[in-house]
file structure-v6.cif (mmCIF, C-alpha atoms)
data_final
loop_
_atom_site.group_PDB
_atom_site.id
_atom_site.type_symbol
_atom_site.label_atom_id
_atom_site.label_comp_id
_atom_site.auth_asym_id
_atom_site.auth_seq_id
_atom_site.Cartn_x
_atom_site.Cartn_y
_atom_site.Cartn_z
ATOM 1 C CA MET A 1 291.717 202.871 183.539
ATOM 2 C CA SER A 2 288.195 204.018 184.219
ATOM 3 C CA SER A 3 287.398 205.036 187.706
ATOM 4 C CA THR A 4 285.120 202.855 189.748
ATOM 5 C CA SER A 5 282.691 204.089 192.305
ATOM 6 C CA GLN A 6 282.952 203.489 195.991
ATOM 7 C CA LYS A 7 279.986 201.177 195.749
ATOM 8 C CA HIS A 8 281.872 199.088 193.240
ATOM 9 C CA LYS A 9 284.939 198.955 195.394
ATOM 10 C CA ASP A 10 282.924 197.951 198.416
ATOM 11 C CA PHE A 11 281.143 195.213 196.553
ATOM 12 C CA VAL A 12 284.174 193.587 194.977
ATOM 13 C CA ALA A 13 286.161 193.709 198.156
ATOM 14 C CA GLU A 14 284.416 190.811 199.858
ATOM 15 C CA PRO A 15 282.059 187.875 199.244
ATOM 16 C CA MET A 16 278.591 189.202 198.680
ATOM 17 C CA GLY A 17 276.853 186.912 201.121
ATOM 18 C CA GLU A 18 273.314 188.077 201.670
ATOM 19 C CA LYS A 19 273.788 191.590 200.371
ATOM 20 C CA SER A 20 270.772 193.201 198.861
ATOM 21 C CA VAL A 21 270.549 193.850 195.163
ATOM 22 C CA ASN A 22 270.920 197.547 195.947
ATOM 23 C CA ALA A 23 274.518 196.861 196.903
ATOM 24 C CA LEU A 24 275.391 196.264 193.274
ATOM 25 C CA ALA A 25 277.114 199.087 191.487
ATOM 26 C CA GLY A 26 274.760 200.808 189.082
ATOM 27 C CA ILE A 27 271.692 199.587 190.907
ATOM 28 C CA GLY A 28 270.074 202.329 192.894
ATOM 29 C CA GLU A 29 266.812 202.472 194.724
ATOM 30 C CA VAL A 30 264.539 202.553 191.725
ATOM 31 C CA LEU A 31 266.250 199.829 189.774
ATOM 32 C CA GLY A 32 266.672 197.773 192.907
ATOM 33 C CA LYS A 33 262.969 197.897 193.538
ATOM 34 C CA ARG A 34 262.178 196.796 190.006
ATOM 35 C CA LEU A 35 264.556 193.911 190.291
ATOM 36 C CA GLU A 36 263.077 192.850 193.590
ATOM 37 C CA GLU A 37 259.650 192.846 192.068
ATOM 38 C CA LYS A 38 260.871 190.473 189.440
ATOM 39 C CA GLY A 39 262.205 188.178 192.085
ATOM 40 C CA PHE A 40 265.816 189.297 192.100
ATOM 41 C CA ASP A 41 265.905 190.425 195.673
ATOM 42 C CA LYS A 42 269.451 189.491 196.557
ATOM 43 C CA ALA A 43 272.701 190.258 194.821
ATOM 44 C CA TYR A 44 273.468 186.589 194.493
ATOM 45 C CA VAL A 45 270.323 186.032 192.447
ATOM 46 C CA VAL A 46 271.517 188.629 189.971
ATOM 47 C CA LEU A 47 274.860 186.901 190.105
ATOM 48 C CA GLY A 48 273.092 183.692 189.215
ATOM 49 C CA GLN A 49 271.560 185.341 186.205
ATOM 50 C CA PHE A 50 274.930 186.762 185.263
ATOM 51 C CA LEU A 51 276.447 183.311 185.358
ATOM 52 C CA VAL A 52 273.619 181.652 183.475
ATOM 53 C CA LEU A 53 274.186 184.198 180.744
ATOM 54 C CA ARG A 54 277.728 182.875 180.670
ATOM 55 C CA LYS A 55 279.104 186.146 181.969
ATOM 56 C CA ASP A 56 278.554 187.576 178.521
ATOM 57 C CA GLU A 57 278.518 191.345 178.591
ATOM 58 C CA GLU A 58 276.094 191.923 175.790
ATOM 59 C CA LEU A 59 273.574 189.405 177.003
ATOM 60 C CA PHE A 60 273.731 190.614 180.578
ATOM 61 C CA ARG A 61 273.392 194.241 179.607
ATOM 62 C CA GLU A 62 270.397 193.463 177.478
ATOM 63 C CA TRP A 63 268.831 191.399 180.206
ATOM 64 C CA LEU A 64 269.353 194.137 182.741
ATOM 65 C CA LYS A 65 267.855 196.714 180.451
ATOM 66 C CA ASP A 66 264.807 194.562 179.788
ATOM 67 C CA THR A 67 264.312 193.609 183.402
ATOM 68 C CA CYS A 68 264.687 196.882 185.225
ATOM 69 C CA GLY A 69 265.236 199.512 182.556
ATOM 70 C CA ALA A 70 268.845 200.259 183.373
ATOM 71 C CA ASN A 71 270.565 202.735 181.110
ATOM 72 C CA THR A 72 273.901 202.169 179.463
ATOM 73 C CA LYS A 73 275.974 203.477 182.308
ATOM 74 C CA GLN A 74 274.085 201.509 184.916
ATOM 75 C CA GLN A 75 274.356 198.379 182.842
ATOM 76 C CA GLY A 76 278.074 198.871 182.515
ATOM 77 C CA ASP A 77 278.582 199.536 186.194
ATOM 78 C CA CYS A 78 276.634 196.474 187.221
ATOM 79 C CA TYR A 79 278.352 194.267 184.696
ATOM 80 C CA GLY A 80 281.799 195.486 185.685
ATOM 81 C CA CYS A 81 281.027 195.028 189.332
ATOM 82 C CA LEU A 82 279.855 191.454 188.915
ATOM 83 C CA ARG A 83 282.645 190.545 186.568
ATOM 84 C CA GLU A 84 285.279 191.784 188.914
ATOM 85 C CA TRP A 85 283.650 190.047 191.821
ATOM 86 C CA CYS A 86 283.692 186.810 189.869
ATOM 87 C CA ASP A 87 287.335 187.277 189.002
ATOM 88 C CA SER A 88 288.170 187.448 192.665
ATOM 89 C CA PHE A 89 285.787 185.022 194.258
ATOM 90 C CA LEU A 90 284.291 182.644 191.805
ATOM 91 C CA MET B 91 255.937 181.636 161.649
ATOM 92 C CA SER B 92 255.180 179.564 164.720
ATOM 93 C CA SER B 93 255.189 181.306 168.048
ATOM 94 C CA LEU B 94 258.508 181.225 169.828
ATOM 95 C CA SER B 95 256.994 180.762 173.250
ATOM 96 C CA GLY B 96 255.456 177.516 172.072
ATOM 97 C CA LYS B 97 258.822 176.033 171.256
ATOM 98 C CA SER B 98 260.754 173.838 173.587
ATOM 99 C CA ASP B 99 263.963 174.993 175.206
ATOM 100 C CA LYS B 100 265.965 172.788 172.934
ATOM 101 C CA GLU B 101 264.351 174.272 169.841
ATOM 102 C CA ILE B 102 265.081 177.784 171.051
ATOM 103 C CA SER B 103 268.652 176.768 171.634
ATOM 104 C CA GLN B 104 268.903 175.359 168.143
ATOM 105 C CA LEU B 105 267.407 178.467 166.619
ATOM 106 C CA LEU B 106 269.875 180.646 168.495
ATOM 107 C CA ASP B 107 272.706 178.566 167.130
ATOM 108 C CA GLU B 108 271.337 178.870 163.632
ATOM 109 C CA TYR B 109 271.320 182.617 163.888
ATOM 110 C CA GLY B 110 274.759 182.518 165.385
ATOM 111 C CA ILE B 111 273.651 184.111 168.643
ATOM 112 C CA LYS B 112 275.846 183.368 171.601
ATOM 113 C CA HIS B 113 273.752 182.064 174.430
ATOM 114 C CA GLY B 114 273.691 180.205 177.700
ATOM 115 C CA PRO B 115 271.216 177.616 178.881
ATOM 116 C CA ILE B 116 267.579 178.309 178.222
ATOM 117 C CA VAL B 117 266.111 178.553 181.658
ATOM 118 C CA GLU B 118 263.081 180.299 182.997
ATOM 119 C CA SER B 119 264.867 183.563 183.646
ATOM 120 C CA THR B 120 266.639 183.665 180.309
ATOM 121 C CA ARG B 121 263.878 182.427 178.071
ATOM 122 C CA LYS B 122 262.262 185.774 177.493
ATOM 123 C CA LEU B 123 265.540 187.390 176.608
ATOM 124 C CA TYR B 124 266.389 184.750 174.040
ATOM 125 C CA GLU B 125 262.930 184.842 172.527
ATOM 126 C CA LYS B 126 263.328 188.563 172.110
ATOM 127 C CA LYS B 127 266.723 188.131 170.509
ATOM 128 C CA LEU B 128 265.350 185.555 168.126
ATOM 129 C CA LYS B 129 262.504 187.843 167.147
ATOM 130 C CA GLU B 130 264.980 190.588 166.334
ATOM 131 C CA ALA B 131 267.176 188.225 164.389
ATOM 132 C CA MET B 132 264.243 186.874 162.430
ATOM 133 C CA ALA B 133 263.113 190.375 161.568
ATOM 134 C CA LYS B 134 266.547 191.179 160.230
ATOM 135 C CA ASN B 135 267.123 188.125 158.076
ATOM 136 C CA THR B 136 264.403 185.809 157.045
ATOM 137 C CA LYS B 137 266.751 182.908 156.444
ATOM 138 C CA PRO B 138 268.453 181.688 159.608
ATOM 139 C CA SER B 139 271.250 179.644 158.169
ATOM 140 C CA SER B 140 272.032 181.691 155.146
ATOM 141 C CA SER B 141 274.915 180.537 153.108
ATOM 142 C CA ASP B 142 276.582 183.867 153.626
ATOM 143 C CA LYS B 143 277.275 182.947 157.194
ATOM 144 C CA THR B 144 280.464 181.092 156.510
ATOM 145 C CA TYR B 145 281.274 183.166 153.544
ATOM 146 C CA TYR B 146 284.307 185.271 153.820
ATOM 147 C CA ARG B 147 286.683 186.719 151.387
ATOM 148 C CA GLU B 148 290.280 185.994 151.977
ATOM 149 C CA GLU B 149 292.000 187.400 148.969
ATOM 150 C CA GLN B 150 290.882 188.810 145.742
ATOM 151 C CA GLU B 151 292.677 186.605 143.334
ATOM 152 C CA GLU B 152 291.689 185.505 139.922
ATOM 153 C CA VAL B 153 290.947 181.861 140.036
ATOM 154 C CA GLU B 154 290.030 179.588 137.279
ATOM 155 C CA TYR B 155 287.329 177.176 138.291
ATOM 156 C CA VAL B 156 287.068 173.816 136.737
ATOM 157 C CA THR B 157 283.533 172.698 137.260
ATOM 158 C CA TYR B 158 282.723 169.083 137.379
ATOM 159 C CA HIS B 159 279.077 168.545 136.704
ATOM 160 C CA GLN B 160 278.141 165.829 139.095
ATOM 161 C CA PRO B 161 274.795 166.357 140.741
ATOM 162 C CA PRO B 162 274.534 163.810 143.546
ATOM 163 C CA GLN B 163 277.809 164.313 145.352
ATOM 164 C CA LEU B 164 277.180 167.602 147.066
ATOM 165 C CA THR B 165 277.722 166.850 150.699
ATOM 166 C CA ARG B 166 281.116 165.353 150.216
ATOM 167 C CA HIS B 167 282.456 168.461 148.644
ATOM 168 C CA ASP B 168 281.523 170.834 151.356
ATOM 169 C CA GLY B 169 285.039 171.981 151.883
ATOM 170 C CA PHE B 170 285.721 172.398 148.250
ATOM 171 C CA GLY B 171 285.317 176.091 148.446
ATOM 172 C CA ASP B 172 288.838 176.205 149.735
ATOM 173 C CA VAL B 173 291.346 176.907 147.116
ATOM 174 C CA ILE B 174 293.474 174.005 146.164
ATOM 175 C CA ARG B 175 296.484 175.362 144.407
ATOM 176 C CA ARG B 176 297.327 173.216 141.496
ATOM 177 C CA SER B 177 299.632 173.935 138.717
ATOM 178 C CA LYS B 178 298.304 171.389 136.310
ATOM 179 C CA ILE B 179 294.818 170.121 135.863
ATOM 180 C CA THR B 180 295.771 166.698 134.713
ATOM 181 C CA ASP B 181 297.877 165.760 137.685
ATOM 182 C CA TYR B 182 295.158 166.092 140.234
ATOM 183 C CA ARG B 183 292.137 165.182 138.289
ATOM 184 C CA ASP B 184 291.066 162.195 140.244
ATOM 185 C CA ASP B 185 293.078 162.848 143.296
ATOM 186 C CA ASP B 186 290.355 163.380 145.801
ATOM 187 C CA ASP B 187 286.881 162.117 146.219
ATOM 188 C CA VAL B 188 285.884 162.616 142.646
ATOM 189 C CA GLY B 189 286.407 159.007 142.078
ATOM 190 C CA HIS B 190 283.617 157.813 139.958
ATOM 191 C CA THR B 191 283.912 159.385 136.573
ATOM 192 C CA ASN B 192 287.059 160.060 134.740
ATOM 193 C CA GLU B 193 285.535 162.225 132.107
ATOM 194 C CA PRO B 194 283.637 165.006 133.752
ATOM 195 C CA ILE B 195 282.379 167.984 131.888
ATOM 196 C CA ILE B 196 284.947 170.633 132.331
ATOM 197 C CA SER B 197 283.862 174.184 131.855
ATOM 198 C CA PRO B 198 286.380 176.778 132.920
ATOM 199 C CA THR B 199 284.846 179.678 134.686
ATOM 200 C CA ARG B 200 286.750 182.686 135.749
ATOM 201 C CA THR B 201 285.597 184.014 139.056
ATOM 202 C CA THR B 202 287.093 185.694 142.040
ATOM 203 C CA TYR B 203 288.674 183.525 144.620
ATOM 204 C CA GLN B 204 286.462 182.801 147.559
ATOM 205 C CA SER B 205 287.081 180.557 150.459
ATOM 206 C CA SER B 206 283.737 179.371 151.662
ATOM 207 C CA SER B 207 281.745 176.256 152.137
ATOM 208 C CA ARG B 208 278.803 177.217 150.068
ATOM 209 C CA PRO B 209 276.846 174.442 148.407
ATOM 210 C CA GLY B 210 276.628 175.026 144.685
ATOM 211 C CA PRO B 211 274.824 173.349 141.871
ATOM 212 C CA SER B 212 277.984 171.803 140.592
ATOM 213 C CA VAL B 213 281.104 170.763 142.280
ATOM 214 C CA SER B 214 284.037 172.926 141.452
ATOM 215 C CA LYS B 215 287.689 172.448 141.852
ATOM 216 C CA SER B 216 289.575 175.651 141.932
ATOM 217 C CA ILE B 217 292.901 176.122 140.357
ATOM 218 C CA GLN B 218 295.088 178.933 141.425
ATOM 219 C CA ARG B 219 296.154 180.768 138.334
ATOM 220 C CA GLY B 220 296.624 184.153 139.740
ATOM 221 C CA ALA B 221 299.766 185.971 140.442
ATOM 222 C CA SER B 222 301.939 182.941 140.770
ATOM 223 C CA PRO B 223 301.461 180.434 137.988
ATOM 224 C CA GLU B 224 304.569 178.460 138.686
ATOM 225 C CA THR B 225 304.141 177.761 142.336
ATOM 226 C CA SER B 226 303.331 174.257 143.340
ATOM 227 C CA LYS B 227 302.833 174.683 147.053
ATOM 228 C CA PRO B 228 300.373 176.939 148.755
ATOM 229 C CA GLY B 229 301.707 180.062 150.353
ATOM 230 C CA GLY B 230 305.216 179.683 148.920
ATOM 231 C CA VAL B 231 307.228 182.380 147.274
ATOM 232 C CA PRO B 232 307.796 181.544 143.628
ATOM 233 C CA ALA B 233 311.225 180.151 142.906
ATOM 234 C CA TRP B 234 312.114 182.517 140.134
ATOM 235 C CA LEU B 235 311.230 185.453 142.305
ATOM 236 C CA ARG B 236 313.482 184.218 145.054
ATOM 237 C CA VAL B 237 316.406 183.767 142.660
ATOM 238 C CA LEU B 238 315.812 187.180 141.210
ATOM 239 C CA VAL B 239 315.790 188.842 144.607
ATOM 240 C CA PHE B 240 318.925 186.986 145.573
ATOM 241 C CA LEU B 241 320.714 188.130 142.436
ATOM 242 C CA ILE B 242 319.704 191.694 142.978
ATOM 243 C CA ILE B 243 321.016 191.644 146.509
ATOM 244 C CA ALA B 244 324.223 189.951 145.410
ATOM 245 C CA VAL B 245 324.863 192.488 142.671
ATOM 246 C CA PHE B 246 324.129 195.307 145.046
ATOM 247 C CA LEU B 247 326.534 194.009 147.641
ATOM 248 C CA TYR B 248 329.226 193.515 145.051
ATOM 249 C CA TYR B 249 328.753 197.050 143.859
ATOM 250 C CA VAL B 250 329.007 198.358 147.362
ATOM 251 C CA TYR B 251 332.126 196.336 147.942
ATOM 252 C CA THR B 252 333.862 197.622 144.838
ATOM 253 C CA CYS B 253 332.974 201.161 145.714
ATOM 254 C CA MET B 254 334.592 200.886 149.055
ATOM 255 C CA GLU B 255 337.778 202.740 149.649
ATOM 256 C CA PRO B 256 340.875 200.570 149.545
ATOM 257 C CA ALA B 257 342.212 200.018 152.994
ATOM 258 C CA GLU B 258 345.844 200.110 152.052
ATOM 259 C CA GLU B 259 346.427 203.664 152.906
ATOM 260 C CA THR B 260 346.157 204.635 156.449
ATOM 261 C CA PRO B 261 342.961 206.415 157.001
ATOM 262 C CA PHE B 262 344.564 208.621 159.485
ATOM 263 C CA LYS B 263 346.580 211.020 157.454
ATOM 264 C CA THR B 264 348.482 213.366 159.545
ATOM 265 C CA ILE B 265 348.360 216.900 158.469
ATOM 266 C CA GLN B 266 351.822 218.063 157.641
#

call {"tool": "encode", "arguments": {"input": "structure-v6.cif", "output": "structure tokens"}}
result
Amino acid sequence: MSSTSQKHKDFVAEPMGEKSVNALAGIGEVLGKRLEEKGFDKAYVVLGQFLVLRKDEELFREWLKDTCGANTKQQGDCYGCLREWCDSFL
Amino acid sequence: MSSLSGKSDKEISQLLDEYGIKHGPIVESTRKLYEKKLKEAMAKNTKPSSSDKTYYREEQEEVEYVTYHQPPQLTRHDGFGDVIRRSKITDYRDDDDVGHTNEPIISPTRTTYQSSSRPGPSVSKSIQRGASPETSKPGGVPAWLRVLVFLIIAVFLYYVYTCMEPAEETPFKTIQ
């Protein structure tokens, strides 16, 4: 079982509400800024994209890489975070 | 090749399906991603719906193909790539949809068994003549093999039985 960061645990523990995109695991300041520039200013907007991509890992990872330049680890963290959140709350 | 960005969402969706790319709805935020994926897929293979897509090899068995040369009826025999195990040609000649002619040109061709729905120039019925010539049902163990195995086991058990120590004497011999 891979360890998850505190950020991940915090995010999946409750409904995301109006949390900023920086609250997502794997998304730090730099990536968060890039996402905001593209219009993804809230975590739920990224969630929307995640859902529209049918929660598919490969597609979401690729989208994240293209949109904000996330590396493999960041992609994985963000995907895992959103997936787990969906498992609990969707 | 026409520009992908000029295509409608539906066309993009169709293209993605042709290339076998899993996708969601084509919306504004996903469009660019799918166009990029299509570009990559097109660069890899020039033909989107290549016949190799549904082509897979199940077993490597020698199969004798009986080709019926009938040009027009291609679409009806899409699933004919599947092996139909027949023991005799004559019994199943006009069984299926090959209903029109009774005297097709039969040219036996020996090729490896493939289960695929590839469209070919001539319709072919495959006859399983591989390891089990006497079987009449697909996937069944040949009868003679079953009998043979049974006999072997029976003989073995009999041998074991005869070699067993007779139980008349008490196994517990007291040392005197």

call {"tool": "interface_residues", "arguments": {"input": "structure-v6.cif", "of": "chain B", "to": "chain A", "cutoff": "8 Å", "atoms": "all atoms listed in the file", "output": "list in words"}}
result
His113, Gly114, Pro115, Ser119, Thr120 and Leu123 of chain B

call {"tool": "resolve_selection", "arguments": {"input": "structure-v6.cif", "expression": "the PyMOL selection byres ((chain A and resi 12-15) around 9)", "output": "list in words"}}
result
Lys7, His8, Lys9, Asp10, Phe11, Met16, Gly17, Cys81, Leu82, Glu84, Trp85, Cys86, Ser88 and Phe89 of chain A

call {"tool": "atom_distance", "arguments": {"input": "structure-v6.cif", "atom1": "CA of Cys78 in chain A", "atom2": "CA of Lys33 in chain A"}}
result
15.1 Å

call {"tool": "atom_distance", "arguments": {"input": "structure-v6.cif", "atom1": "CA of Arg34 in chain A", "atom2": "CA of Lys127 in chain B"}}
result
21.8 Å

call {"tool": "residues_near_point", "arguments": {"input": "structure-v6.cif", "point": "(269.6, 195.8, 190.1)", "cutoff": "12 Å", "atoms": "only C-alpha atoms", "output": "ChimeraX atom specification"}}
result
/A:19-47,49-50,60-61,63-71,74-79,81-82

call {"tool": "axis_aligned_box", "arguments": {"input": "structure-v6.cif", "around": "range 51-64 of chain A", "padding_each_side": "8 Å", "output": "JSON"}}
result
{"center_x": 274.0, "center_y": 187.9, "center_z": 180.6, "size_x": 26.3, "size_y": 28.6, "size_z": 25.6}

call {"tool": "atom_distance", "arguments": {"input": "structure-v6.cif", "atom1": "CA of Ile102 in chain B", "atom2": "CA of Arg121 in chain B"}}
result
8.5 Å
